[in-house]
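Visitor: I have a structure here, written as structure tokens, and I will follow up with some questions on it.
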Amino acid sequence: MIDYLNSHAETIILVVVLILAIVSIIVFLGAIYSRWIMNLTKKKRRNIKEELSEYVVKYACGDLAFKELEKRLRTSTDHQILLSIINELSPSISGTERDRLQLLLELPVIEKFFMGQLKSKKQLEKAKACLYLSRLKSIDSKLFPHLLEYSAEEYSILSYASCMTIIVHGDDSQKRIALKNQLLNENLSDQALNDLFVEFQDVSGGDFTSEAKTIMGFISEKIYSHSRTALLIKTLGELNYHESAEFLVNEFLQLSSDLDEPLVAESLITYMPVFASEDTESNILERLHLVYANSEFREVREATMTALGMFGKEESIPILKWAMYDQDFYVRFYAAKSLQSFPGILLSSMKPETMIQADWDDLIGEVNSLNS
Amino acid sequence: MEILLDILYVINVLIFGYFIVVNGSYIILMYFSYVQTKKSRKESKIFRLSGLFDSRLYKSVSILAPAFNEEESIIESTRGLLNLEFTDYEVIIINDGSKDNTLQKLIDHFKLHEIDRHVPKELISQPIKAIYGNRMYSNLFVVDKINGRKADALNAGINVSRKDLICAVDSDTLLEPTVLQQMLMAFVADPTTVAVGGVVRVANGCTFTLGEVEKVNIPKTHIGRIQAVEYLRSFLFGRTGWDYFDSLLIISGAFGVFDRKAVINVGGYLHDTVGEDMELVIRLHRYFREKGIKYRIRFLPEPVCWTEVPESWSVLGRQRNRWQRGLADTLWRHRGMMMNPKYGSLGVFAMPFYLFAELLSPIIELSGYVLLGISLYLGAINFQFALLFLTAAVLLGMILSVLSVMLEELTFRRYDRLRDVLILIFYAFVENLGYRQIHAWWRFMGLIDFLKGNKTWGEMTRSKGTFSS
Amino acid sequence: MDKKYILVIEDEEMTARLILYRLKALGYEVEHVRDGITGLKTIKEKKPDLVVLDVMLPGISGFEILQDLEADKEFDSTSIKVIMLTSKSRAEDVSRGFELGAMEYMPKPFKMDEFILRLKRVLKQ
């Protein structure tokens with residue numbers, strides 16, 4: 001080896017230097033050439049975009065016929081730019097203008113491209129094709145078996161994208177299967193599920209009954225992880241599914257008292273003040289007072305103290321006062337915040353003797369600043 | 001004598017081999033970086049975050065910006081942070097015992113007053129003197145604390161913060177407005193993500209208006225331009241390459257997003273190191289691997305953070321000396337992970353790579369040059385071999401630098417003008433003659449300082465006002 | 001009746017184009033700016049009859065523009081009418097907009113016809 005290096009050193013240097021020279025020439029020329037081309041295309045694209053934007057705006061407002069716009073589209077670049085214009089515009093608008101844009105997505109050139117991608121070997125490309133489908137007005141029903149299959153994939157991007165498409169175009173049972181696949185897919189984050197549930201509600205068109213039913217159905221199944229169950233409850237609460245009020249109250253009242261699942265308890269408690277009815281209120285309060293105010297989990301006690309304040313019933317006052325002695329600062333904090341909302345309560349005189357002055361000052365100061 | 005010559009000869013060959021292997025691995029890394037860049041660009045457009053601006057269903061972010069004597073730029077940079085396109089986030093500026101008017105400027109400009117806010121002592125830090133806020137800027141908090149190190153300021157910031165994620169930034173950097181949304185994507189795409197690093201680019205020479213980069217130009221000085229190439233090579237493509245192998249070891253202190261709970265679980269930033277940014281990332285790796293919990297630490301090449309790099313040789317020298325000490329300290333603290341298969345590709349590839357290709361390279365490189373001279377003088381090697389040696393050392397480095405500029409052309413094309421790119425390519429060559437040797441010297445001295453136990457930060461002086469319009 | 005002058009402060013180019021096209025077709029005099037700082041300057045210089053205002057803008061946000069106008073003695077909510085048009089549609093954002101003197105709050109995605117309807121209503125007030 002050493003002898004070889006020694007005797008062939010010159011050749012090796014020559015080879016290396018030559019390679020380097022070739023590489024640098026390629027890079028130099030390549031850079032110049034690609035920049036030249038790029039600048040040309042950039043200018044061209046800018047002009048095309050300018051012109052097409054005018055067309056699209058007129059078309060979207062109904063002042064230009066579809067055929068006229070179609071006639072303007074000659075090359076694949078035109079189509080690409082059109083697609084990017086649509087992508088830019090459609091998230092901000094809805095109604096008639098948006099519907100018109102949707103029609104543009106079905107232009108044969110664009111459709112053919114994505115249909116090809118849907119069968120691609122690359123999962124990421126499939127996912128992008130799915131997202132394209134999700135933006136169309138309607139899709140061929142023959143596609144659903146594929147989409148459902150994709151929605152069960154472990155690769156979260158593909159399962160998410162196909163589920164999105166099914167949510168937009170599928171029927172109730174297809175949506176249920178697709179969402180279920182996502183709930184079971186451990187590679188998919190809770191936040192990605194939020195995306196799907198937000199869309200799920202958006203496409204329903206005002207009446208959320210069947211959507212609420214689907215989500216409640218998931219909760220009743222009791223086969224998902226606790227964090228997913230908590231997410232489902234949060235979805236119902238945060239997206240204002242009032243149809244689920246009675247159901248959630250029942251879930252809460254039936255929650256086993258051993259509190260083995262703080263996440264679920266916490267999320268239920270958070271939305272109890274919103275969903276309680278006159279009939280159920282006293283039962284809920286009783287559970288909160290007797291069980292959850294003593295929970296061994298900090299998060300549950302915090303949620304309880306906040307909820308008690310929102311209920312605003314005098315009978316909670318002793319519990320809240322007692323919680324001011326809690327070992328956790330935030331439990332004390334939320335208890336104090338809730339107490340503050342009762343008329344006739346003078347919070348500043350209620351410093352627990354166990355609490356150090358500095359903590360108390362923080363607590364009072366922050367509660368007051370929230371109310372000012 | 002004969003034996004000595006033989007030994008010298010063998011050492012030379014070994015060092016020659018070292019250059020081939022190190023540069024070769026960098027080139028391989030660069031290839032994977034290209035693959036990864038294409039992939040993450042496509043992935044970044046998948047998730048919609050449709051409910052981001054109208055519900056509380058997504059993760060919230062606390063931006064932590066330690067500031068020490070930044071009165072010139074603090075208002076501008078704070079305004080930039082307040083104007084990001086994100087919804088549930090708070091900006092916490094930590095005035096780390098500045099000796100100038102940093103705090104007063106903030107108070108005056110944002111009409112702040114002292115507020116009460118409970119700060120749990122989850123991490124150890126120097127005491128906080130006061131926290132300031134104003135209802136009109138409800139997501140801005142200014143923490144005034146006794147001076148500590150940057151790590152100390154960040155720990156204090158973590159104690160004050162109340163959001164799900166923390167985003168550590170240098171207060172002299174500028175974030176692009178959509179940066180938080182894009183960083184959040186990494187957490188949306190994978191539920192096990194605990195930390196995400198973003199790319200840091202050289203701001204010198206660029207023009208900024210309204211807190212956004214308007215024109216991307218190369219720096220005007222030689223030293224700035226060399227760093228522009230360097231940042232492309234090691235920070236952009238180097239780290240993207242490691243991301244491909246899921247073995248990212250460094251998230252720049254200038255810009256990174258972390259899961260707050262995870263950082264608290266591992267004990268926050270370490271006080272007595274100068275490499276607190278790298279050390280935290282390795283400690284996170286270690287924690288999750290040892291507990292057997294699934295996790296991801298990602299690097300995203302696209303959301304960009306602009307930072308001003310030093311344009312004086314002495315400041316740059318001190319910075320690199322400090323980085324080297326930080327690297328040495330971190331690798332030493334976590335030496336148990338080195339070559340340990342328990343830590344997967346991290347222990348088997350990434351850590352040894354950093355040890356040999358980064359930490360020890362100044363020693364090997366400098367001694368290579370010295371030995372080469374001696375050997376040539378003593379006749380242990382012939383002239384051809386010496387040339388061969390230099391070829392391996394210098395020309396391979398050139399290929400690497402040029403490749404990284406080329407990769408930038410293939411992917412991001414942040415530089416608008418052809419002229420700038422050609423100049424960068426030129427500097428990619430030149431960097432290897434002179435600068436690289438000086439750089440090796442700085443890092444060599446850094447190692448010596450580390451062995452001597454020097455843990456000072458070294459003075460950082462900045463030129464002012466890159467980001468103001 | 002003289003021509004009403006409307007200023008659109010919006011950083012999304014296509015959305016702005018669409019709005020401008022519709023408003024011009026309805027016979028209004030329309031101007032468009034892309035960022036908050038120029039936006040605020042234009043409001044102060046030209047005193048438009050109505051401003052269509054996005055929240056997330058380069059430079060300064062739509063809320064900050066409103067704050068600035070509120071603090072400025074020369075302006076009150078009757079002299080300059082503001083419609084917020086934004087994807088920030090959480091309850092607290094909406095109430096913040098109204099608190100700061102906006103007369104309408106349109107969340108994105110929006111229906112063009114509804115937007116025009118509200119705009120006309122605000123102009124009449």
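Following the order of the structure tokens, chains are lettered A, B, ..., residues in each are numbered from 1, and ligands are numbered from 1.
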Using only C-alpha atoms, find each residue in chain C having at least one atom no more than 10 Å away from chain A; report its shortest atom-to-atom pair and that distance in Å (one decimal), rows by chain then rising number, as JSON lines.
Guide:
{"residue": "C:Glu12", "atom": "CA", "partner": "A:Glu88", "partner_atom": "CA", "distance": 8.0}
{"residue": "C:Glu13", "atom": "CA", "partner": "A:Glu88", "partner_atom": "CA", "distance": 8.4}
{"residue": "C:Met14", "atom": "CA", "partner": "A:Leu89", "partner_atom": "CA", "distance": 5.6}
{"residue": "C:Thr15", "atom": "CA", "partner": "A:Leu89", "partner_atom": "CA", "distance": 5.9}
{"residue": "C:Ala16", "atom": "CA", "partner": "A:Leu89", "partner_atom": "CA", "distance": 9.5}
{"residue": "C:Arg17", "atom": "CA", "partner": "A:Val57", "partner_atom": "CA", "distance": 7.1}
{"residue": "C:Leu18", "atom": "CA", "partner": "A:Val57", "partner_atom": "CA", "distance": 5.5}
{"residue": "C:Ile19", "atom": "CA", "partner": "A:Val57", "partner_atom": "CA", "distance": 9.1}
{"residue": "C:Leu20", "atom": "CA", "partner": "A:Val57", "partner_atom": "CA", "distance": 9.7}
{"residue": "C:Tyr21", "atom": "CA", "partner": "A:Val57", "partner_atom": "CA", "distance": 7.3}
{"residue": "C:Arg22", "atom": "CA", "partner": "A:Cys61", "partner_atom": "CA", "distance": 7.6}
{"residue": "C:Leu85", "atom": "CA", "partner": "A:Ser92", "partner_atom": "CA", "distance": 9.7}
{"residue": "C:Thr86", "atom": "CA", "partner": "A:Ser92", "partner_atom": "CA", "distance": 8.6}
{"residue": "C:Ser87", "atom": "CA", "partner": "A:Ser92", "partner_atom": "CA", "distance": 7.8}
{"residue": "C:Pro107", "atom": "CA", "partner": "A:Ser92", "partner_atom": "CA", "distance": 8.9}
{"residue": "C:Lys108", "atom": "CA", "partner": "A:Ser92", "partner_atom": "CA", "distance": 5.2}
{"residue": "C:Pro109", "atom": "CA", "partner": "A:Ser92", "partner_atom": "CA", "distance": 4.1}
{"residue": "C:Phe110", "atom": "CA", "partner": "A:Ile93", "partner_atom": "CA", "distance": 4.7}
{"residue": "C:Lys111", "atom": "CA", "partner": "A:Ser94", "partner_atom": "CA", "distance": 5.0}
{"residue": "C:Met112", "atom": "CA", "partner": "A:Ile93", "partner_atom": "CA", "distance": 7.3}
{"residue": "C:Asp113", "atom": "CA", "partner": "A:Gly95", "partner_atom": "CA", "distance": 8.5}
{"residue": "C:Glu114", "atom": "CA", "partner": "A:Gly95", "partner_atom": "CA", "distance": 9.4}
Visitor: Restrict the calculation to only C-alpha atoms, then for each residue of chain C with any atom at most 6 Å from an atom of chain B give the closest atom pair and their distance in Å to one decimal, rows by chain and rising residue number, as CSV.
Guide:
residue,atom,partner,partner_atom,distance
C:Gly59,CA,B:Leu210,CA,4.1
C:Lys88,CA,B:Phe53,CA,4.9
C:Ser89,CA,B:Asp54,CA,4.9
C:Arg90,CA,B:Asp54,CA,4.2
Visitor: Selected residues, C-alpha atoms, written as a compact mmCIF listing (two decimals), in the first residue's frame, please.
Guide:
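Dumped to again.txt:
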# COMPACT_ATOMS: atom_id res chain seq x y z
CA GLY C 59 -43.43 45.59 10.17
CA LYS C 88 -56.73 35.29 13.62
CA SER C 89 -60.24 34.47 14.72
CA ARG C 90 -60.02 33.35 18.32
Visitor: As a ChimeraX atom specification, which residues of stretch 198-288 of chain B does DSSP assign to strand (DSSP E or B)?
Guide: /B:198-202,207-209,212-215,255-259
Visitor: Just want the 9 Å neighbourhood of A:Leu248, counted on only C-alpha atoms, with same-chain residues fewer than 6 positions away dropped. Output as a PyMOL selection string.
Guide: chain A and resi 216+233+236+268+271-272+275-276
Visitor: Could you write those residues out with N, CA and C atoms, as a PDB file, in the first residue's frame?
Guide:
ATOM      1  N   MET A 216     -68.314  11.219  19.949  1.00  0.00           N
ATOM      2  CA  MET A 216     -68.786  10.579  21.179  1.00  0.00           C
ATOM      3  C   MET A 216     -68.662   9.072  21.068  1.00  0.00           C
ATOM      4  N   ILE A 233     -62.120  14.535  24.056  1.00  0.00           N
ATOM      5  CA  ILE A 233     -62.948  15.362  24.945  1.00  0.00           C
ATOM      6  C   ILE A 233     -62.657  16.840  24.697  1.00  0.00           C
ATOM      7  N   LEU A 236     -64.309  18.077  21.565  1.00  0.00           N
ATOM      8  CA  LEU A 236     -65.732  18.390  21.770  1.00  0.00           C
ATOM      9  C   LEU A 236     -65.892  19.728  22.472  1.00  0.00           C
ATOM     10  N   LEU A 268     -62.229  16.358  31.163  1.00  0.00           N
ATOM     11  CA  LEU A 268     -63.680  16.377  31.427  1.00  0.00           C
ATOM     12  C   LEU A 268     -64.037  17.528  32.373  1.00  0.00           C
ATOM     13  N   TYR A 271     -64.309  21.085  30.937  1.00  0.00           N
ATOM     14  CA  TYR A 271     -65.475  21.501  30.150  1.00  0.00           C
ATOM     15  C   TYR A 271     -66.801  21.327  30.885  1.00  0.00           C
ATOM     16  N   MET A 272     -66.769  20.837  32.132  1.00  0.00           N
ATOM     17  CA  MET A 272     -68.018  20.661  32.870  1.00  0.00           C
ATOM     18  C   MET A 272     -68.800  21.971  33.034  1.00  0.00           C
ATOM     19  N   PHE A 275     -70.755  22.564  29.918  1.00  0.00           N
ATOM     20  CA  PHE A 275     -71.739  21.597  29.461  1.00  0.00           C
ATOM     21  C   PHE A 275     -72.765  21.191  30.526  1.00  0.00           C
ATOM     22  N   ALA A 276     -72.587  21.611  31.762  1.00  0.00           N
ATOM     23  CA  ALA A 276     -73.526  21.192  32.803  1.00  0.00           C
ATOM     24  C   ALA A 276     -74.903  21.801  32.557  1.00  0.00           C
TER      25      ALA A 276
END
Visitor: Using DSSP assignments from the backbone, pull out every residue in stretch 84-216 of chain B that falls under alpha helix (DSSP H) and give it to me as a PyMOL selection string.
Guide: chain B and resi 102-110+150-160+179-189
Visitor: Which polymer residues have any atom within 9 Å of an atom of C:Glu29, counting only C-alpha atoms, with same-chain residues fewer than 4 positions away left out, as a list of chain:residue names?
Guide: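 Here the answer would be C:Lys3, C:Lys4, C:Tyr5, C:Ile6, C:Leu7, C:Leu23, C:Lys24.
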Visitor: Output the contact residues of chain B with respect to chain A at a cut-off of 7 Å, based on only C-alpha atoms, as a PDB file with N, CA and C atoms, in the first residue's frame.
Guide:
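Saved result, out-v6.pdb, follows:
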ATOM      1  N   ARG B  48     -51.763  21.192   7.735  1.00  0.00           N
ATOM      2  CA  ARG B  48     -52.436  22.465   7.469  1.00  0.00           C
ATOM      3  C   ARG B  48     -52.421  23.424   8.639  1.00  0.00           C
ATOM      4  N   LEU B  49     -52.378  22.865   9.849  1.00  0.00           N
ATOM      5  CA  LEU B  49     -52.521  23.691  11.056  1.00  0.00           C
ATOM      6  C   LEU B  49     -53.771  24.557  10.944  1.00  0.00           C
ATOM      7  N   SER B  50     -54.852  23.939  10.452  1.00  0.00           N
ATOM      8  CA  SER B  50     -56.039  24.733  10.125  1.00  0.00           C
ATOM      9  C   SER B  50     -56.628  25.444  11.336  1.00  0.00           C
ATOM     10  N   GLY B  51     -56.499  24.821  12.508  1.00  0.00           N
ATOM     11  CA  GLY B  51     -57.133  25.456  13.665  1.00  0.00           C
ATOM     12  C   GLY B  51     -56.186  26.374  14.424  1.00  0.00           C
ATOM     13  N   SER B  55     -58.161  28.209  17.617  1.00  0.00           N
ATOM     14  CA  SER B  55     -58.446  27.335  18.752  1.00  0.00           C
ATOM     15  C   SER B  55     -57.188  27.193  19.600  1.00  0.00           C
ATOM     16  N   LEU B  57     -55.804  24.298  20.333  1.00  0.00           N
ATOM     17  CA  LEU B  57     -55.521  22.878  20.250  1.00  0.00           C
ATOM     18  C   LEU B  57     -54.057  22.573  19.918  1.00  0.00           C
ATOM     19  N   TYR B  58     -53.273  23.598  19.608  1.00  0.00           N
ATOM     20  CA  TYR B  58     -51.894  23.333  19.210  1.00  0.00           C
ATOM     21  C   TYR B  58     -50.919  23.749  20.310  1.00  0.00           C
ATOM     22  N   ASP B 116     -46.507  41.110  39.019  1.00  0.00           N
ATOM     23  CA  ASP B 116     -46.304  39.910  39.829  1.00  0.00           C
ATOM     24  C   ASP B 116     -46.541  38.700  38.955  1.00  0.00           C
ATOM     25  N   ARG B 117     -45.642  37.775  39.025  1.00  0.00           N
ATOM     26  CA  ARG B 117     -45.832  36.546  38.282  1.00  0.00           C
ATOM     27  C   ARG B 117     -45.101  35.457  39.050  1.00  0.00           C
ATOM     28  N   HIS B 118     -45.809  34.393  39.314  1.00  0.00           N
ATOM     29  CA  HIS B 118     -45.185  33.322  40.077  1.00  0.00           C
ATOM     30  C   HIS B 118     -44.145  32.624  39.219  1.00  0.00           C
ATOM     31  N   VAL B 188     -45.695  18.570  14.961  1.00  0.00           N
ATOM     32  CA  VAL B 188     -46.952  18.015  14.454  1.00  0.00           C
ATOM     33  C   VAL B 188     -46.675  16.715  13.710  1.00  0.00           C
ATOM     34  N   ALA B 189     -45.596  16.709  12.932  1.00  0.00           N
ATOM     35  CA  ALA B 189     -45.309  15.551  12.093  1.00  0.00           C
ATOM     36  C   ALA B 189     -44.946  14.325  12.920  1.00  0.00           C
ATOM     37  N   ASP B 190     -44.347  14.518  14.070  1.00  0.00           N
ATOM     38  CA  ASP B 190     -43.967  13.373  14.886  1.00  0.00           C
ATOM     39  C   ASP B 190     -44.207  13.683  16.363  1.00  0.00           C
ATOM     40  N   PRO B 191     -45.101  12.906  16.998  1.00  0.00           N
ATOM     41  CA  PRO B 191     -45.451  13.228  18.385  1.00  0.00           C
ATOM     42  C   PRO B 191     -44.287  13.045  19.356  1.00  0.00           C
ATOM     43  N   GLN B 384       7.092  14.071  -4.043  1.00  0.00           N
ATOM     44  CA  GLN B 384       5.785  13.685  -4.555  1.00  0.00           C
ATOM     45  C   GLN B 384       4.803  13.406  -3.428  1.00  0.00           C
ATOM     46  N   PHE B 385       5.339  12.695  -2.416  1.00  0.00           N
ATOM     47  CA  PHE B 385       4.443  12.353  -1.325  1.00  0.00           C
ATOM     48  C   PHE B 385       3.960  13.611  -0.623  1.00  0.00           C
ATOM     49  N   LEU B 388       1.279  15.012  -2.528  1.00  0.00           N
ATOM     50  CA  LEU B 388       0.098  14.157  -2.367  1.00  0.00           C
ATOM     51  C   LEU B 388      -0.615  14.500  -1.064  1.00  0.00           C
ATOM     52  N   THR B 391      -2.335  17.731  -1.276  1.00  0.00           N
ATOM     53  CA  THR B 391      -3.522  17.558  -2.099  1.00  0.00           C
ATOM     54  C   THR B 391      -4.683  17.057  -1.258  1.00  0.00           C
ATOM     55  N   ILE B 399     -12.892  20.836  -2.470  1.00  0.00           N
ATOM     56  CA  ILE B 399     -14.033  20.163  -3.107  1.00  0.00           C
ATOM     57  C   ILE B 399     -15.252  20.247  -2.191  1.00  0.00           C
ATOM     58  N   MET B 406     -22.428  24.682  -4.093  1.00  0.00           N
ATOM     59  CA  MET B 406     -23.205  24.150  -5.196  1.00  0.00           C
ATOM     60  C   MET B 406     -24.553  23.619  -4.702  1.00  0.00           C
ATOM     61  N   LEU B 418     -25.936  36.223  -9.304  1.00  0.00           N
ATOM     62  CA  LEU B 418     -24.910  35.314  -9.794  1.00  0.00           C
ATOM     63  C   LEU B 418     -23.536  35.720  -9.270  1.00  0.00           C
TER      64      LEU B 418
END
Visitor: Using only C-alpha atoms, pick whichever of B:Ala67, B:Glu431, B:Arg443, B:Arg419 has the shortest atom-to-atom distance to B:Leu366.
Guide: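 Between B:Ala67, B:Glu431, B:Arg443, B:Arg419, the residue approaching B:Leu366 most closely is B:Arg443.
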Visitor: Using only C-alpha atoms, which residue out of C:Asp35, C:Asp49, C:Asp93, C:Glu10 lies closest to C:Leu123?
Guide: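 Closest candidate: C:Asp49.
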Visitor: Got a sec: who's within 10 Å of B:Asn265, counting only C-alpha atoms, leaving out chain neighbours fewer than 2 positions off, as an NGL selection string?
Guide: :B and (122-123 or 260-263 or 267-268 or 284 or 287)
Visitor: If we count only C-alpha atoms and set the cut-off at 9 Å, which residues sit around B:Thr221, ignoring sequence neighbours fewer than 5 positions away in its own chain? Please answer as a PyMOL selection string.
Guide: chain B and resi 205+226+311
Visitor: May I have the residues within 9 Å of B:Gly97 as a list in words, using only C-alpha atoms and disregarding those fewer than 4 positions away in the same chain?
Guide: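 Neighbouring residues, sequence-local ones excluded: Ala67, Phe68, Asn69, Leu103, Asp144, Lys145, Ile146, Asn147 and Gly148 of chain B.
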Visitor: At what distance in Å, to one decimal, does atom CA of B:Ser62 lie from atom CA of B:Ala130?
Guide: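 Atom CA of B:Ala130 sits 18.3 Å away from atom CA of B:Ser62.
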Visitor: Taking only C-alpha atoms into account, name the residue in B:Leu422, B:Val21, B:Ile166, B:Ile11 that is nearest to B:Leu396.
Guide: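 Comparing B:Leu422, B:Val21, B:Ile166, B:Ile11 against B:Leu396, the winner is B:Val21.
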Visitor: Using Å and a single decimal, report how far atom CA of B:Ile124 sits from atom CA of B:Asp152.
Guide: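 Separation between atom CA of B:Asp152 and atom CA of B:Ile124: 7.7 Å.
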